[in-house]
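The block underneath contains the structure these notes are about, expressed in structure tokens.
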Amino acid sequence: PILSRNTRSNNDTSMDIVIPQIKDAYSLIVASSDENFTPPPFDDFYVDGVYQNPSTAGFLNGEVVDLRDLLYGMMLPSGNDAATTVAISLASSLKNFSLMMNKKAKEIGMLNSSFANPHGLDDEDHYTTAKDLARVGAELMENTILKEIVSTYKKTFTYGERVRTYINHNKLLRLYEGGIGIKTGFTKRSGRCLVGAAERDGMTFISVTLDAPSDWSDHRVMLDFAFDNFERIELCGKGDLFAEVYYQGKKVGEGCRKAQSRQIQPPEKHGKHR
């Protein structure tokens, strides 16, 4: 189930957004987590000649880092340097990687999004919607590696004599019971943005707010509503019979019949039976 709120409009209107790291990470997991990357010089953090002072994970040019550590650097401290490193390493350029992201986005049903870079700094061709972010958030949480990463509050790595500790910017992990993700985001144009996730009693809900100054409380309200008003019901289990109904070659329905012992009524004395 997906919950979303866009304070800039009552409609699901596209807007500049700063959370492409979710889409970035989802695209990256196709690569080996044991693969090593070397951060390039970071000269892409300028918009119209103005340095954007982005959040970084502290990777150094020439440092050798494995993909899993870069993913932690992307998703916990919102490391734009980590996102740029992987994009260039996998696709040779940010433009090529953006093409990969857009292709994958369409495949999973993100029909109102366009990604112009892997880090999320403002760009006229860079936009998405709350609904599309919820879609990719749900896809990401299906991957056990990415789910583990976004649900981690603190992670420490050692590279030679350097010790690097990341603290997850997502306060839902601490503030909300069952909080397991997913990603924060901010630029001056997009405002405060958050894709959240919480899991209780076998149910997972995805929540999204865009340009929401009170995002933490907004997500608590949405997630509380979801857990208070929905319950998990098993429609089909092991041994149950599942059938699909087709008419003139087109699927028109489906259903499930619970497995149970079939009771037969014996004939009555006067020959009547059921």
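Note on naming: chains are A, B, ... as they come in the structure tokens, residues start from 1 per chain, ligands start from 1 in the order shown.
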Item to check | Residue list (helix (DSSP H, G or I), DSSP) for stretch 47-157 of chain A, as a count of residues only | outcome: 54
Checklist entry - Could you name the residues that touch stretch 223-238 of chain A at 6 Å or less, counting only C-alpha atoms, but leaving out those on the same chain fewer than 3 positions away, as JSON, numbers by chain? => result {"A": [219, 220, 256]}
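In this comparison, which uses only C-alpha atoms, the residue of A:Met110, A:Ile206, A:Met101, A:Ala57 approaching A:Gly73 most closely is A:Ala57.
Nearest to A:Val65 of all the residues A:Tyr159, A:Tyr127, A:Phe242, A:Tyr176 is A:Tyr159, based on only C-alpha atoms.
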Within 10 Å of stretch 69-72 of chain A, which residues of stretch 101-212 of chain A come that close, and what is the closest atom pair and distance in Å for each? Count only C-alpha atoms and give it as CSV.
```
residue,atom,partner,partner_atom,distance
A:Ile145,CA,A:Leu71,CA,9.9
A:Leu146,CA,A:Leu71,CA,8.3
A:Glu148,CA,A:Tyr72,CA,9.8
A:Ile149,CA,A:Tyr72,CA,6.2
A:Val150,CA,A:Tyr72,CA,7.9
A:Thr152,CA,A:Tyr72,CA,8.7
A:Lys154,CA,A:Tyr72,CA,9.6
A:Lys155,CA,A:Tyr72,CA,7.8
A:Thr156,CA,A:Asp69,CA,9.6
A:Phe157,CA,A:Asp69,CA,7.8
A:Tyr166,CA,A:Tyr72,CA,7.8
A:Ile167,CA,A:Tyr72,CA,9.7
A:Asn168,CA,A:Tyr72,CA,9.1
```
Set the distance at 9 Å and use only C-alpha atoms: which residues neighbour A:Lys171 once local chain neighbours fewer than 5 positions away are removed? I'd like the list as a short mmCIF file (atom, residue, chain, number, x, y, z; two decimals) with N, CA and C atoms, in the first residue's frame.
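Below you can see part.cif, which holds the result:
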```cif
data_model
loop_
_atom_site.label_atom_id
_atom_site.label_comp_id
_atom_site.auth_asym_id
_atom_site.auth_seq_id
_atom_site.Cartn_x
_atom_site.Cartn_y
_atom_site.Cartn_z
N TYR A 153 20.62 2.58 10.57
CA TYR A 153 20.73 3.92 11.13
C TYR A 153 22.17 4.42 11.15
N TYR A 176 9.70 6.41 14.49
CA TYR A 176 8.46 5.69 14.21
C TYR A 176 8.63 4.19 14.40
N GLY A 179 9.74 1.74 11.59
CA GLY A 179 10.34 2.49 10.49
C GLY A 179 11.53 1.77 9.89
N TRP A 216 8.13 14.85 9.00
CA TRP A 216 8.17 13.76 9.98
C TRP A 216 6.79 13.52 10.58
#
```
Next on the checklist: Can you tell me which residues surround A:Thr56 at a distance of at most 6 Å, considering only C-alpha atoms, apart from same-chain residues fewer than 6 positions away, and format the answer as a VMD selection string?
Outcome noted: chain A and resid 79 to 81
Dump all heavy atoms for the selected residues as a short mmCIF file (atom, residue, chain, number, x, y, z; two decimals), in the first residue's frame?
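Below is the file out.cif, written as the result:
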```cif
data_model
loop_
_atom_site.label_atom_id
_atom_site.label_comp_id
_atom_site.auth_asym_id
_atom_site.auth_seq_id
_atom_site.Cartn_x
_atom_site.Cartn_y
_atom_site.Cartn_z
N GLY A 79 24.98 11.00 0.00
CA GLY A 79 26.25 11.33 -0.63
C GLY A 79 26.15 11.49 -2.14
O GLY A 79 26.11 10.50 -2.87
N ASN A 80 26.12 12.75 -2.60
CA ASN A 80 26.09 12.99 -4.04
C ASN A 80 27.38 12.56 -4.71
O ASN A 80 27.40 12.22 -5.90
CB ASN A 80 25.84 14.48 -4.30
CG ASN A 80 24.47 14.92 -3.81
OD1 ASN A 80 23.47 14.28 -4.12
ND2 ASN A 80 24.42 15.98 -3.04
N ASP A 81 28.49 12.57 -3.94
CA ASP A 81 29.75 12.09 -4.49
C ASP A 81 29.68 10.59 -4.77
O ASP A 81 30.21 10.11 -5.78
CB ASP A 81 30.92 12.41 -3.56
CG ASP A 81 30.66 12.00 -2.12
OD1 ASP A 81 29.52 11.64 -1.77
OD2 ASP A 81 31.62 12.04 -1.31
#
```
Item to check | Backbone DSSP call of strand (DSSP E or B) for stretch 142-208 of chain A, listed as a PyMOL selection string | outcome: chain A and resi 154-159+162-167+179-187+191-200+203-208
Item to check | Pairwise distance for atom CA of A:Gly181 and atom CA of A:Ala197, rounded to one decimal in Å | outcome: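 Separation of atom CA of A:Gly181 and atom CA of A:Ala197: 4.9 Å.
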Next on the checklist: For A:Asp218, find every residue with an atom within 12 Å (counting only C-alpha atoms), except residues of its own chain fewer than 3 positions away, and show them as number ranges by chain.
Outcome noted: A: 3-7, 172, 176, 192-196, 207-215, 221-225
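Straight-line separation from atom CA of A:Lys183 to atom CA of A:Asp122: 17.4 Å.
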Next on the checklist: Env of A:Leu111: 10 Å cut, atoms = only C-alpha atoms, seq-sep filter 4 positions within chain, self excluded. Answer as a list in words.
Outcome noted: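 Residues near the query, excluding close chain neighbours: Asn102, Ala105, Lys106, Glu107, Thr128, Thr129, Lys131 and Asp132 of chain A.
Note that the spacing between atom CA of A:Gly62 and atom CA of A:Thr38 amounts to 5.4 Å.
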